[in-house]
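Colleague: Following this line is target_27.cif, made up of mmCIF, C-alpha atoms:
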data_run
loop_
_atom_site.label_atom_id
_atom_site.label_comp_id
_atom_site.auth_asym_id
_atom_site.auth_seq_id
_atom_site.Cartn_x
_atom_site.Cartn_y
_atom_site.Cartn_z
CA MET A 1 0.00 0.00 0.00
CA ARG A 2 1.15 3.54 -0.79
CA ASP A 3 2.50 5.67 2.05
CA THR A 4 -0.38 7.95 3.04
CA THR A 5 1.74 10.22 5.25
CA GLY A 6 3.88 11.96 2.63
CA PRO A 7 5.69 15.26 3.13
CA SER A 8 4.57 18.73 2.15
CA PRO A 9 3.77 20.53 -0.14
CA ARG A 10 0.13 20.16 0.72
CA ILE A 11 -2.81 20.20 -1.68
CA GLY A 12 -6.08 21.99 -1.02
CA VAL A 13 -9.39 20.26 -1.73
CA TRP A 14 -12.15 22.86 -2.10
CA MET A 15 -15.52 21.14 -2.40
CA VAL A 16 -18.66 22.73 -3.76
CA GLY A 17 -21.34 21.11 -1.63
CA ALA A 18 -18.84 20.71 1.21
CA ARG A 19 -21.40 19.58 3.81
CA GLY A 20 -23.09 16.99 1.58
CA SER A 21 -22.88 13.22 1.89
CA VAL A 22 -20.14 12.69 -0.70
CA ALA A 23 -17.96 15.50 0.63
CA THR A 24 -18.37 14.36 4.23
CA ALA A 25 -17.55 10.76 3.30
CA ALA A 26 -14.45 11.93 1.39
CA VAL A 27 -13.12 14.02 4.32
CA ALA A 28 -13.96 11.27 6.81
CA GLY A 29 -12.51 8.53 4.62
CA ALA A 30 -9.22 10.31 4.05
CA ALA A 31 -8.87 10.98 7.79
CA ALA A 32 -9.72 7.38 8.71
CA ILE A 33 -7.17 5.98 6.25
CA VAL A 34 -4.43 8.34 7.45
CA ALA A 35 -5.20 7.41 11.08
CA GLY A 36 -4.95 3.72 10.25
CA ALA A 37 -8.61 3.21 11.22
CA ALA A 38 -9.68 2.12 7.73
CA SER A 39 -8.19 0.62 4.59
CA PRO A 40 -8.18 2.40 1.21
CA VAL A 41 -10.60 -0.02 -0.45
CA GLY A 42 -12.22 1.72 -3.43
CA CYS A 43 -9.31 4.12 -4.02
CA VAL A 44 -7.97 3.46 -7.51
CA THR A 45 -4.82 5.46 -6.78
CA GLU A 46 -3.96 3.03 -3.98
CA THR A 47 -3.76 0.06 -6.38
CA PRO A 48 -0.46 -1.39 -7.71
CA PRO A 49 -0.48 0.40 -11.12
CA PHE A 50 -0.16 3.74 -9.29
CA ARG A 51 2.34 2.70 -6.64
CA ASP A 52 5.27 4.52 -8.27
CA VAL A 53 3.32 7.56 -9.45
CA PRO A 54 4.31 10.77 -7.58
CA LEU A 55 0.84 11.57 -6.25
CA PRO A 56 0.20 13.77 -3.21
CA ALA A 57 -0.31 11.73 -0.05
CA LEU A 58 -3.73 11.59 1.59
CA ALA A 59 -2.18 13.14 4.70
CA ASP A 60 -1.20 16.17 2.61
CA LEU A 61 -4.77 17.00 1.59
CA VAL A 62 -6.37 20.03 3.30
CA PHE A 63 -10.16 20.30 3.03
CA GLY A 64 -12.52 23.24 2.73
CA GLY A 65 -15.26 24.45 0.45
CA HIS A 66 -18.53 26.24 -0.15
CA ASP A 67 -22.07 25.23 0.77
CA VAL A 68 -25.48 26.81 1.19
CA VAL A 69 -26.54 24.63 4.15
CA ASP A 70 -25.28 24.91 7.73
CA THR A 71 -25.39 21.34 9.05
CA PRO A 72 -21.90 20.83 10.59
CA LEU A 73 -19.72 18.08 9.19
CA SER A 74 -19.64 16.33 12.57
CA VAL A 75 -23.44 16.08 12.55
CA ARG A 76 -23.48 14.92 8.93
CA ALA A 77 -20.87 12.27 9.72
CA GLY A 78 -23.05 11.02 12.57
CA GLN A 79 -26.00 10.79 10.20
CA LEU A 80 -23.91 8.82 7.72
CA ALA A 81 -22.83 6.47 10.48
CA GLU A 82 -26.46 5.86 11.42
CA ALA A 83 -27.22 5.16 7.75
CA GLY A 84 -24.43 2.56 7.61
CA VAL A 85 -22.15 4.61 5.36
CA LEU A 86 -19.43 5.33 7.95
CA PRO A 87 -18.40 2.71 10.52
CA HIS A 88 -19.20 3.87 14.07
CA SER A 89 -15.75 2.61 15.08
CA VAL A 90 -13.96 5.37 13.15
CA LEU A 91 -16.02 8.35 14.37
CA LYS A 92 -13.69 9.21 17.28
CA ALA A 93 -10.75 9.43 14.90
CA LEU A 94 -12.65 11.97 12.82
CA ASP A 95 -13.34 14.70 15.38
CA THR A 96 -10.25 16.82 14.70
CA PRO A 97 -10.16 16.44 10.87
CA LEU A 98 -13.87 17.20 10.55
CA ALA A 99 -13.57 20.23 12.82
CA ALA A 100 -10.62 21.52 10.78
CA ALA A 101 -12.54 21.13 7.52
CA GLU A 102 -15.64 22.74 9.04
CA LEU A 103 -13.63 25.88 9.84
CA GLU A 104 -12.76 26.18 6.15
CA ILE A 105 -16.32 26.04 4.77
CA ARG A 106 -17.68 29.33 3.43
CA ASP A 107 -21.19 30.40 2.51
CA GLY A 108 -21.74 29.89 -1.21
CA SER A 109 -25.14 31.60 -1.35
CA ALA A 110 -25.66 34.46 -3.79
CA ARG A 111 -25.79 37.84 -2.06
CA PRO A 112 -28.71 40.23 -2.62
CA GLY A 113 -27.96 42.61 -5.48
CA GLU A 114 -24.75 40.80 -6.39
CA THR A 115 -24.11 40.16 -10.09
CA GLN A 116 -22.72 36.79 -11.20
CA SER A 117 -19.48 38.51 -12.10
CA GLU A 118 -19.23 39.78 -8.52
CA THR A 119 -20.22 36.38 -7.12
CA ALA A 120 -17.50 34.65 -9.15
CA ALA A 121 -14.92 37.15 -7.90
CA ARG A 122 -15.97 36.49 -4.28
CA LEU A 123 -15.84 32.70 -4.74
CA ALA A 124 -12.43 32.93 -6.41
CA ALA A 125 -11.18 35.11 -3.55
CA ASP A 126 -12.30 32.46 -1.03
CA MET A 127 -10.37 29.79 -2.95
CA ALA A 128 -7.23 31.93 -3.23
CA ALA A 129 -7.39 32.91 0.44
CA PHE A 130 -7.65 29.22 1.41
CA ARG A 131 -4.53 28.48 -0.62
CA ASP A 132 -2.61 31.38 0.90
CA ARG A 133 -3.79 30.76 4.47
CA HIS A 134 -2.45 27.21 4.48
CA GLY A 135 0.56 27.74 2.22
CA LEU A 136 -0.80 25.19 -0.25
CA GLU A 137 1.00 24.26 -3.43
CA GLN A 138 -2.31 24.30 -5.28
CA VAL A 139 -6.06 23.86 -4.82
CA VAL A 140 -8.33 21.42 -6.63
CA VAL A 141 -11.99 22.48 -6.68
CA VAL A 142 -14.44 19.55 -6.76
CA ASN A 143 -18.13 19.98 -7.54
CA VAL A 144 -20.15 17.46 -5.51
CA SER A 145 -23.27 19.61 -5.20
CA SER A 146 -26.81 18.84 -6.38
CA THR A 147 -27.41 18.23 -10.08
CA GLU A 148 -28.71 21.20 -12.09
CA PRO A 149 -30.77 21.30 -15.29
CA LEU A 150 -28.54 21.80 -18.32
CA PRO A 151 -28.54 25.35 -19.71
CA GLU A 152 -29.99 26.22 -23.10
CA PRO A 153 -27.32 26.96 -25.74
CA ASP A 154 -26.12 30.56 -25.82
CA PRO A 155 -23.57 32.19 -28.17
CA ALA A 156 -21.87 33.70 -25.10
CA PHE A 157 -20.87 30.17 -24.00
CA LEU A 158 -18.66 29.73 -27.07
CA HIS A 159 -15.94 32.31 -26.43
CA LEU A 160 -14.38 33.67 -23.26
CA ALA A 161 -14.56 37.33 -24.27
CA ALA A 162 -18.28 37.01 -25.06
CA LEU A 163 -18.92 35.18 -21.79
CA GLU A 164 -17.14 37.77 -19.66
CA ALA A 165 -18.89 40.63 -21.43
CA ALA A 166 -22.27 38.98 -20.90
CA LEU A 167 -21.51 38.37 -17.22
CA THR A 168 -20.51 42.00 -16.75
CA GLU A 169 -23.68 43.18 -18.50
CA GLY A 170 -25.85 40.67 -16.66
CA SER A 171 -27.31 39.47 -19.96
CA ILE A 172 -26.83 35.76 -19.19
CA THR A 173 -27.07 33.55 -16.13
CA LEU A 174 -24.44 30.83 -15.81
CA PRO A 175 -25.40 27.55 -14.15
CA VAL A 176 -23.96 27.55 -10.62
CA SER A 177 -21.61 24.66 -11.49
CA SER A 178 -20.19 26.69 -14.39
CA LEU A 179 -19.91 29.79 -12.22
CA TYR A 180 -17.76 27.77 -9.81
CA ALA A 181 -15.64 26.50 -12.68
CA TYR A 182 -15.18 30.10 -13.83
CA ALA A 183 -14.20 31.13 -10.29
CA ALA A 184 -11.82 28.17 -9.93
CA PHE A 185 -9.99 28.94 -13.17
CA THR A 186 -9.86 32.63 -12.31
CA ALA A 187 -8.17 31.71 -9.02
CA GLY A 188 -5.70 29.40 -10.80
CA CYS A 189 -7.28 26.22 -9.44
CA ALA A 190 -7.93 22.87 -11.12
CA TYR A 191 -11.61 21.88 -11.30
CA VAL A 192 -13.32 18.48 -11.15
CA ASN A 193 -17.01 18.16 -11.95
CA PHE A 194 -18.30 14.98 -10.29
CA THR A 195 -21.91 15.82 -11.19
CA PRO A 196 -23.91 15.73 -14.48
CA SER A 197 -24.22 19.55 -14.35
CA ALA A 198 -22.60 21.67 -17.06
CA GLY A 199 -19.56 22.70 -15.01
CA ALA A 200 -16.55 23.39 -17.23
CA ALA A 201 -18.14 21.85 -20.34
CA LEU A 202 -18.76 25.25 -21.95
CA PRO A 203 -16.18 26.08 -24.68
CA ALA A 204 -15.55 29.50 -23.14
CA LEU A 205 -14.50 27.85 -19.88
CA GLU A 206 -12.19 25.44 -21.68
CA GLU A 207 -10.61 28.54 -23.20
CA LEU A 208 -10.20 30.10 -19.75
CA ALA A 209 -8.67 26.93 -18.31
CA ARG A 210 -6.05 26.88 -21.04
CA LEU A 211 -5.41 30.60 -20.68
CA ARG A 212 -4.84 30.20 -16.94
CA GLY A 213 -2.83 27.00 -17.42
CA VAL A 214 -5.01 24.79 -15.19
CA PRO A 215 -6.57 21.38 -15.84
CA HIS A 216 -10.12 20.17 -15.34
CA ALA A 217 -11.94 16.83 -15.44
CA GLY A 218 -15.52 15.62 -15.53
CA ARG A 219 -18.32 14.99 -15.75
CA ASP A 220 -20.74 12.81 -13.76
CA GLY A 221 -18.89 10.28 -11.63
CA LYS A 222 -19.29 6.68 -12.84
CA THR A 223 -20.14 4.74 -9.69
CA GLY A 224 -22.97 2.26 -10.35
CA GLU A 225 -25.10 1.17 -13.30
CA THR A 226 -22.98 3.02 -15.87
CA LEU A 227 -19.82 1.51 -14.41
CA VAL A 228 -21.29 -1.93 -15.15
CA LYS A 229 -22.35 -0.78 -18.64
CA SER A 230 -18.86 0.45 -19.51
CA ALA A 231 -17.40 -2.92 -18.54
CA LEU A 232 -20.17 -5.07 -20.04
CA ALA A 233 -21.12 -3.30 -23.28
CA PRO A 234 -17.72 -3.90 -24.98
CA MET A 235 -18.29 -7.64 -24.52
CA PHE A 236 -21.10 -7.58 -27.06
CA THR A 237 -19.03 -5.88 -29.77
CA GLN A 238 -15.94 -7.97 -29.02
CA ARG A 239 -17.95 -11.18 -29.41
CA ALA A 240 -19.82 -9.92 -32.53
CA LEU A 241 -23.18 -9.99 -30.76
CA ARG A 242 -25.61 -7.27 -31.81
CA LEU A 243 -26.99 -5.28 -28.91
CA ARG A 244 -30.65 -4.50 -29.61
CA SER A 245 -31.98 -2.81 -26.48
CA TRP A 246 -30.86 -1.84 -22.99
CA SER A 247 -33.39 -0.48 -20.52
CA GLY A 248 -32.86 0.33 -16.88
CA THR A 249 -34.62 1.53 -13.78
CA ASN A 250 -32.69 3.38 -11.07
CA LEU A 251 -34.15 3.67 -7.58
CA LEU A 252 -32.46 6.06 -5.17
CA GLY A 253 -33.17 8.26 -2.18
CA GLY A 254 -31.35 11.01 -0.30
CA GLY A 255 -30.53 14.36 -1.83
CA ASP A 256 -29.77 12.84 -5.23
CA GLY A 257 -33.14 11.14 -5.39
CA ALA A 258 -34.96 14.34 -4.51
CA THR A 259 -32.96 16.38 -7.04
CA LEU A 260 -33.31 13.88 -9.87
CA ALA A 261 -37.07 13.66 -9.35
CA ASP A 262 -37.09 16.84 -11.44
CA PRO A 263 -37.05 15.67 -15.11
CA ALA A 264 -35.00 18.70 -16.14
CA ALA A 265 -32.26 17.81 -13.63
CA ALA A 266 -32.37 14.11 -14.54
CA ARG A 267 -32.08 14.75 -18.29
CA SER A 268 -28.30 15.24 -18.30
CA LYS A 269 -27.76 11.98 -16.43
CA THR A 270 -30.06 9.85 -18.59
CA GLU A 271 -28.68 11.36 -21.80
CA SER A 272 -25.06 10.68 -20.81
CA LYS A 273 -25.92 7.08 -19.91
CA GLN A 274 -27.46 6.46 -23.34
CA ARG A 275 -24.79 8.37 -25.26
CA GLY A 276 -22.00 6.42 -23.61
CA LEU A 277 -23.66 3.10 -24.46
CA GLU A 278 -24.19 3.98 -28.13
CA GLU A 279 -20.68 5.39 -28.54
CA THR A 280 -19.30 2.13 -27.11
CA VAL A 281 -21.21 -0.24 -29.43
CA GLY A 282 -21.18 2.06 -32.44
CA HIS A 283 -24.90 2.10 -33.26
CA ALA A 284 -28.26 3.21 -31.90
CA VAL A 285 -29.69 1.06 -29.13
CA GLN A 286 -33.35 1.02 -28.14
CA GLY A 287 -34.41 1.51 -24.54
CA THR A 288 -34.39 4.17 -21.87
CA THR A 289 -33.16 4.66 -18.33
CA HIS A 290 -35.67 5.71 -15.67
CA ILE A 291 -34.67 7.39 -12.41
CA ASP A 292 -37.18 7.13 -9.55
CA ASN A 293 -36.97 8.89 -6.19
CA VAL A 294 -37.61 6.52 -3.27
CA PRO A 295 -36.90 8.62 -0.16
CA GLU A 296 -36.80 5.72 2.30
CA MET A 297 -33.72 4.30 0.49
CA GLY A 298 -31.63 7.18 1.84
CA GLU A 299 -27.97 6.78 0.86
CA TRP A 300 -28.57 3.54 -1.03
CA LYS A 301 -29.44 2.94 -4.67
CA THR A 302 -30.58 0.02 -6.81
CA ALA A 303 -30.40 -0.36 -10.58
CA TRP A 304 -32.15 -3.10 -12.55
CA ASP A 305 -31.25 -3.53 -16.22
CA HIS A 306 -32.78 -5.62 -19.00
CA ILE A 307 -30.64 -6.27 -22.11
CA SER A 308 -31.66 -7.92 -25.37
CA PHE A 309 -29.14 -8.98 -27.98
CA GLU A 310 -28.91 -10.99 -31.18
CA GLY A 311 -26.58 -13.92 -31.78
CA PHE A 312 -25.71 -16.29 -34.62
CA LEU A 313 -28.48 -16.80 -37.18
CA GLY A 314 -30.49 -14.02 -35.59
CA VAL A 315 -31.28 -15.91 -32.39
CA ARG A 316 -32.65 -13.49 -29.77
CA MET A 317 -31.29 -13.66 -26.23
CA THR A 318 -31.56 -11.59 -23.05
CA MET A 319 -29.60 -10.73 -19.95
CA GLN A 320 -30.54 -8.98 -16.70
CA PHE A 321 -28.56 -7.66 -13.77
CA THR A 322 -29.18 -5.85 -10.51
CA TRP A 323 -26.72 -3.42 -8.93
CA GLN A 324 -27.18 -2.31 -5.33
CA GLY A 325 -24.78 0.06 -3.65
CA CYS A 326 -24.18 2.98 -1.34
CA ASP A 327 -23.69 6.07 -3.48
CA SER A 328 -21.53 8.08 -1.06
CA ALA A 329 -19.27 5.12 -0.29
CA LEU A 330 -18.78 4.51 -4.02
CA ALA A 331 -18.20 8.17 -4.87
CA ALA A 332 -15.99 9.39 -1.99
CA PRO A 333 -12.84 7.36 -2.81
CA LEU A 334 -13.11 8.45 -6.45
CA VAL A 335 -13.20 12.09 -5.32
CA LEU A 336 -9.91 11.48 -3.48
CA ASP A 337 -8.47 9.77 -6.57
CA LEU A 338 -9.50 12.63 -8.82
CA VAL A 339 -8.00 15.26 -6.53
CA ARG A 340 -4.67 13.47 -6.45
CA LEU A 341 -4.64 12.90 -10.22
CA ALA A 342 -5.76 16.45 -11.06
CA ALA A 343 -3.00 17.73 -8.77
CA LEU A 344 -0.53 15.55 -10.68
CA GLY A 345 -1.70 17.06 -13.96
CA ALA A 346 -1.38 20.58 -12.55
CA ARG A 347 2.14 19.84 -11.27
CA ARG A 348 3.07 18.80 -14.80
CA GLY A 349 1.71 22.07 -16.17
CA GLU A 350 -1.15 20.42 -18.07
CA SER A 351 -4.15 22.56 -18.88
CA GLY A 352 -7.65 22.07 -20.22
CA ALA A 353 -9.57 18.81 -20.14
CA LEU A 354 -7.67 15.81 -18.72
CA ALA A 355 -9.04 13.18 -21.11
CA ALA A 356 -7.23 10.34 -19.33
CA LEU A 357 -9.39 10.88 -16.24
CA GLY A 358 -12.40 9.81 -18.32
CA PHE A 359 -12.10 6.44 -16.55
CA PHE A 360 -14.05 7.97 -13.67
CA PHE A 361 -16.90 9.59 -15.63
CA LYS A 362 -20.07 8.84 -17.55
CA ASP A 363 -19.55 11.83 -19.87
CA PRO A 364 -15.76 12.27 -19.98
CA ALA A 365 -14.34 15.68 -20.88
CA GLY A 366 -12.02 15.57 -23.85
CA SER A 367 -12.85 11.98 -24.82
CA THR A 368 -15.57 9.81 -26.36
CA GLU A 369 -14.07 6.55 -25.10
CA HIS A 370 -16.36 4.67 -22.69
CA ASN A 371 -14.80 1.18 -22.67
CA LEU A 372 -13.71 0.74 -19.03
CA THR A 373 -10.71 -1.44 -19.87
CA LEU A 374 -9.39 0.98 -22.49
CA GLN A 375 -10.05 3.90 -20.15
CA HIS A 376 -8.04 2.22 -17.39
CA GLU A 377 -5.16 1.57 -19.77
CA ALA A 378 -5.19 5.23 -20.87
CA LEU A 379 -5.28 6.41 -17.25
CA THR A 380 -2.34 4.29 -16.12
CA ALA A 381 -0.29 5.23 -19.20
CA TRP A 382 -0.98 8.93 -18.56
CA ALA A 383 -0.09 8.62 -14.86
CA HIS A 384 3.35 7.24 -15.77
CA GLU A 385 4.16 9.90 -18.35
CA PRO A 386 7.38 11.84 -17.78
CA ALA A 387 7.47 15.05 -15.75
CA PRO A 388 6.81 18.55 -17.09
CA VAL A 389 7.72 19.78 -20.52
CA ALA A 390 9.71 23.03 -20.49
CA GLY A 391 7.68 26.08 -21.43
CA ARG A 392 4.34 24.87 -20.13
CA ALA A 393 2.25 27.34 -18.18
CA ASN A 394 2.58 27.67 -14.42
CA PRO A 395 -0.46 25.82 -12.99
CA LEU A 396 -1.19 28.53 -10.42
CA THR A 397 -0.57 31.77 -12.30
CA GLY A 398 -0.97 30.85 -15.97
CA ALA A 399 2.40 32.50 -16.65
CA ARG A 400 4.98 30.82 -18.85
CA PRO A 401 8.72 30.77 -18.13
#
In C-alpha cells, how does this file's structure come out?

Modeller:
Amino acid sequence: MRDTTGPSPRIGVWMVGARGSVATAAVAGAAAIVAGAASPVGCVTETPPFRDVPLPALADLVFGGHDVVDTPLSVRAGQLAEAGVLPHSVLKALDTPLAAAELEIRDGSARPGETQSETAARLAADMAAFRDRHGLEQVVVVNVSSTEPLPEPDPAFLHLAALEAALTEGSITLPVSSLYAYAAFTAGCAYVNFTPSAGAALPALEELARLRGVPHAGRDGKTGETLVKSALAPMFTQRALRLRSWSGTNLLGGGDGATLADPAAARSKTESKQRGLEETVGHAVQGTTHIDNVPEMGEWKTAWDHISFEGFLGVRMTMQFTWQGCDSALAAPLVLDLVRLAALGARRGESGALAALGFFFKDPAGSTEHNLTLQHEALTAWAHEPAPVAGRANPLTGARP
C-alpha cells in the first residue's frame, strides 16, 4: 500500500457542496485511512499500477469548500454512520479532521444585489485565500453539489470574451456549477465536476482553463449502473453480438433522489448514460433509463437492467442484472483519486480537459471513449508519463517561463 503520510507541499481540496454526503464521506474517509482506522478499499490510486506515481499523499490534503446549508460536518458524519455509510468505530478518529474542515467552509449563497461577475470574484477570492492561508501548493476544486438542469445553448458560451462581457452586462445567467468552474480557473485552481451539471463543459470555460494554465476533469462520476455498462457493453461488440436494447430503472433516495425527481435535472444523467452506451457499441440502441426517487432508500441505490441482444443466425437472447450500492461510499474514494490525479496534472503544467481521467466519468471531458478497460489503460499510461515539458504554463498563475 502507498505511504499515506507523505511530506509537504500540501494540496487543497475545495468542495462545492462541502457539507453533503459525498464531501463528508471523502473528508472522513481520508482521515480514517491516514489514522490507520480504515483501509483504502475503493481508491484506484492506492492500487499497484499507481504505486510509483508521484501523487500527493492523503495526509497532505487540506479540506474546505462552499455550501449553502449549515449542518456541521460532525453532525453529517453522525448521520452517515447511522445510515451505515461510515463505521461507528472510526467516528472518534474523525473529530479533529472534521472540525478543521468545518472551519474552512464558506457560505456559497448568492448575495442580494450581487451580479454573477461579482459572485464569481468572491468565490475565487475564497479559494485563493484558502490556498494562501495554508501555504498550499495548489487547490483542486471539486463539484459534488446537487445536479442542475442543463442550460440552453447561448452564443456567449462559445468564447471567453463574449462570456465575460455577458456576465458583466448581466445578460446571461451561468449555471452555478459553471460559475464555480469560472471562479476556480480565475483563481488558478484545477476543477473536477463529479456531477452531471454543465460545469466546465462550456467552450468559453475550456478557453479560460487553457489561458490560466489549469486542468479540469468531468463529468458525472461513474459509480454504479454506468460503471457496469462500460465494462459489459464492450463484450457484445468484441464477441460480434448485436446489442438490440438496454433499458434500466434506477431507484435512489437522499438528496440525489430528490434532485433527480425533477425531469430537467435528470435529463443530463439519462442522456449521458445512453450516449456512452451507443458510442461504445457504435450504433443506436433502443431503450431508456428511468430514475425514480424513493426517499426511504436514503444513501442507497438500486439499478435493474434488461438487455436484449442478437446472436448467430439471428437468435434473440436476453440478460438482466441488478446493482445495489451505497452512493456516497462509491463516490468518496473516487473524489480522493481525482483530486490526487488532477494535482498531478497541474504539477506537470497540463491545462484544459484531462481526457485520461475519463475512466471515472459517464460523460468524460475531452474523450468519447467509454470502454472501461481501455479507459483504465489510458489512465495508467498517462499517470506514468514523464514530468513537465519546459515552457508549459505555471499551474497557479498561468504564466509561462

Colleague: Starting from the shown file, work through the PyMOL selection byres ((chain A and resi 362-376) around 8) and note down what comes out as an MDAnalysis selection string.

Modeller: chainID A and resid 196 201 217:222 226:227 230:231 233:234 272:273 276:277 279:280 353:361 377:380

Colleague: Quick one: apply the PyMOL selection byres ((chain A and resi 123) around 8) to the file and drop the selected residues here as a VMD selection string.

Modeller: chain A and resid 108 119 to 122 124 to 127 180 183 to 184

Colleague: Per residue of stretch 79-177 of chain A within 12 Å of stretch 42-60 of chain A, which atom pair is closest and at what distance in Å (one decimal), using all atoms listed in the file, listed by chain and increasing number, as JSON lines?

Modeller:
{"residue": "A:Pro97", "atom": "CA", "partner": "A:Ala59", "partner_atom": "CA", "distance": 10.6}
{"residue": "A:His134", "atom": "CA", "partner": "A:Asp60", "partner_atom": "CA", "distance": 11.3}
{"residue": "A:Gly135", "atom": "CA", "partner": "A:Asp60", "partner_atom": "CA", "distance": 11.7}
{"residue": "A:Leu136", "atom": "CA", "partner": "A:Asp60", "partner_atom": "CA", "distance": 9.5}
{"residue": "A:Glu137", "atom": "CA", "partner": "A:Asp60", "partner_atom": "CA", "distance": 10.3}
{"residue": "A:Gln138", "atom": "CA", "partner": "A:Pro56", "partner_atom": "CA", "distance": 11.0}
{"residue": "A:Val139", "atom": "CA", "partner": "A:Asp60", "partner_atom": "CA", "distance": 11.7}
{"residue": "A:Val140", "atom": "CA", "partner": "A:Pro56", "partner_atom": "CA", "distance": 12.0}

Colleague: Write the residues of the selection above to a file with C-alpha atoms, as a PDB file, keeping the file's coordinate frame.

Modeller:
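result27.pdb, written as the output of this step:
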ATOM      1  CA  PRO A  97     -10.160  16.440  10.870  1.00  0.00           C
ATOM      2  CA  HIS A 134      -2.450  27.210   4.480  1.00  0.00           C
ATOM      3  CA  GLY A 135       0.560  27.740   2.220  1.00  0.00           C
ATOM      4  CA  LEU A 136      -0.800  25.190  -0.250  1.00  0.00           C
ATOM      5  CA  GLU A 137       1.000  24.260  -3.430  1.00  0.00           C
ATOM      6  CA  GLN A 138      -2.310  24.300  -5.280  1.00  0.00           C
ATOM      7  CA  VAL A 139      -6.060  23.860  -4.820  1.00  0.00           C
ATOM      8  CA  VAL A 140      -8.330  21.420  -6.630  1.00  0.00           C
TER       9      VAL A 140
END

Colleague: I need the residue nearest A:Ala35 from this list: A:Val90, A:Val13, A:Leu338, A:Leu73. Use all atoms listed in the file for the distance.

Modeller: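 Closest to A:Ala35, using all atoms listed in the file: A:Val90.
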
Colleague: Do you know which residues are at most 10 Å from stretch 205-210 of chain A counting all atoms listed in the file, after dropping those on the same chain fewer than 2 positions away, and could you put them as number ranges by chain?

Modeller: A: 157-161, 163, 178-179, 181-182, 184-186, 188-191, 199-203, 212-216, 350-353, 393, 395, 398

Colleague: Quick one: of A:Ser328, A:Pro9, A:Leu336, A:Arg244, who's nearest to A:Gly314, counting only C-alpha atoms?

Modeller: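 Closest to A:Gly314 of all the choices is A:Arg244.
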
Colleague: Between atom CA of A:Gln324 and atom CA of A:Gly248, what is the spacing in Å?

Modeller: 13.1 Å

Colleague: Using all atoms listed in the file, which of the listed residues (A:Ala387, A:Val75, A:Val142, A:Leu91) sits closest to A:Ala346?

Modeller: A:Ala387

Colleague: Can you work out the spacing between atom CA of A:Gly78 and atom CA of A:Ser39 in Å, to one decimal?

Modeller: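 Separating atom CA of A:Gly78 from atom CA of A:Ser39 is a distance of 19.8 Å.
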
Colleague: Hey, what's within 9 Å of A:Ala93 if we count all atoms listed in the file and toss same-chain stuff fewer than 5 positions away? As a VMD selection string, please?

Modeller: chain A and resid 28 31 to 32 35 37

Colleague: Write the residues of the selection above to a file with C-alpha atoms, as a tab-separated table (two decimals), in the frame of the given file.

Modeller:
chain	number	residue	atom	x	y	z
A	28	ALA	CA	-13.96	11.27	6.81
A	31	ALA	CA	-8.87	10.98	7.79
A	32	ALA	CA	-9.72	7.38	8.71
A	35	ALA	CA	-5.20	7.41	11.08
A	37	ALA	CA	-8.61	3.21	11.22

Colleague: Find the spatial neighbours of stretch 299-303 of chain A, counting only C-alpha atoms, within a cut-off of 8 Å - ignore same-chain residues fewer than 3 positions away - and output them as a ChimeraX atom specification.

Modeller: /A:83,85,224-225,248-254,322-328

Colleague: With only C-alpha atoms as the atoms that count, which of A:Ile11, A:Gly84, A:Gly113, A:Ala23 lies nearest to A:Met297?

Modeller: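 Using only C-alpha atoms, the shortest distance to A:Met297 belongs to A:Gly84.
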
Colleague: Once the PyMOL selection byres ((chain A and resi 115) around 8) is applied to the coordinates I shared, what remains selected? I want it as an mmCIF file with C-alpha atoms, in the coordinates of the input.

Modeller:
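And here's result_4.cif as it stands now:
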data_model
loop_
_atom_site.group_PDB
_atom_site.id
_atom_site.type_symbol
_atom_site.label_atom_id
_atom_site.label_comp_id
_atom_site.auth_asym_id
_atom_site.auth_seq_id
_atom_site.Cartn_x
_atom_site.Cartn_y
_atom_site.Cartn_z
ATOM 1 C CA GLY A 113 -27.960 42.610 -5.480
ATOM 2 C CA GLU A 114 -24.750 40.800 -6.390
ATOM 3 C CA GLN A 116 -22.720 36.790 -11.200
ATOM 4 C CA SER A 117 -19.480 38.510 -12.100
ATOM 5 C CA GLU A 118 -19.230 39.780 -8.520
ATOM 6 C CA THR A 119 -20.220 36.380 -7.120
ATOM 7 C CA LEU A 167 -21.510 38.370 -17.220
ATOM 8 C CA THR A 168 -20.510 42.000 -16.750
ATOM 9 C CA GLY A 170 -25.850 40.670 -16.660
#

Colleague: With 4 Å on each side, where is the centre of the axis-aligned box around all listed atoms of stretch 230-245 of chain A, and how long are its edges in Å to one decimal, as JSON?

Modeller:
{"center_x": -24.0, "center_y": -5.4, "center_z": -25.5, "size_x": 24.0, "size_y": 19.6, "size_z": 22.0}

Colleague: Could you jot down the atom CA of A:Leu61 to atom CA of A:Arg76 separation for me, Å, one decimal place?

Modeller: 20.2 Å

Colleague: Can you work out which one of A:Leu313, A:Ala187, A:Ala198, A:Ala26 has the shortest atom-to-atom distance to A:Ala129, counting only C-alpha atoms?

Modeller: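 Among the listed residues, A:Ala187 lies closest to A:Ala129.
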
Colleague: Using only C-alpha atoms, can you list as a PyMOL selection string the residues within 12 Å of (-17.6, -7.9, -33.0)?

Modeller: chain A and resi 233-243+280-282+310-312

Colleague: For C-alpha atoms, I'd like the residues from the last selection saved as a PDB file, in the frame of the given file.

Modeller:
ATOM      1  CA  ALA A 233     -21.120  -3.300 -23.280  1.00  0.00           C
ATOM      2  CA  PRO A 234     -17.720  -3.900 -24.980  1.00  0.00           C
ATOM      3  CA  MET A 235     -18.290  -7.640 -24.520  1.00  0.00           C
ATOM      4  CA  PHE A 236     -21.100  -7.580 -27.060  1.00  0.00           C
ATOM      5  CA  THR A 237     -19.030  -5.880 -29.770  1.00  0.00           C
ATOM      6  CA  GLN A 238     -15.940  -7.970 -29.020  1.00  0.00           C
ATOM      7  CA  ARG A 239     -17.950 -11.180 -29.410  1.00  0.00           C
ATOM      8  CA  ALA A 240     -19.820  -9.920 -32.530  1.00  0.00           C
ATOM      9  CA  LEU A 241     -23.180  -9.990 -30.760  1.00  0.00           C
ATOM     10  CA  ARG A 242     -25.610  -7.270 -31.810  1.00  0.00           C
ATOM     11  CA  LEU A 243     -26.990  -5.280 -28.910  1.00  0.00           C
ATOM     12  CA  THR A 280     -19.300   2.130 -27.110  1.00  0.00           C
ATOM     13  CA  VAL A 281     -21.210  -0.240 -29.430  1.00  0.00           C
ATOM     14  CA  GLY A 282     -21.180   2.060 -32.440  1.00  0.00           C
ATOM     15  CA  GLU A 310     -28.910 -10.990 -31.180  1.00  0.00           C
ATOM     16  CA  GLY A 311     -26.580 -13.920 -31.780  1.00  0.00           C
ATOM     17  CA  PHE A 312     -25.710 -16.290 -34.620  1.00  0.00           C
TER      18      PHE A 312
END
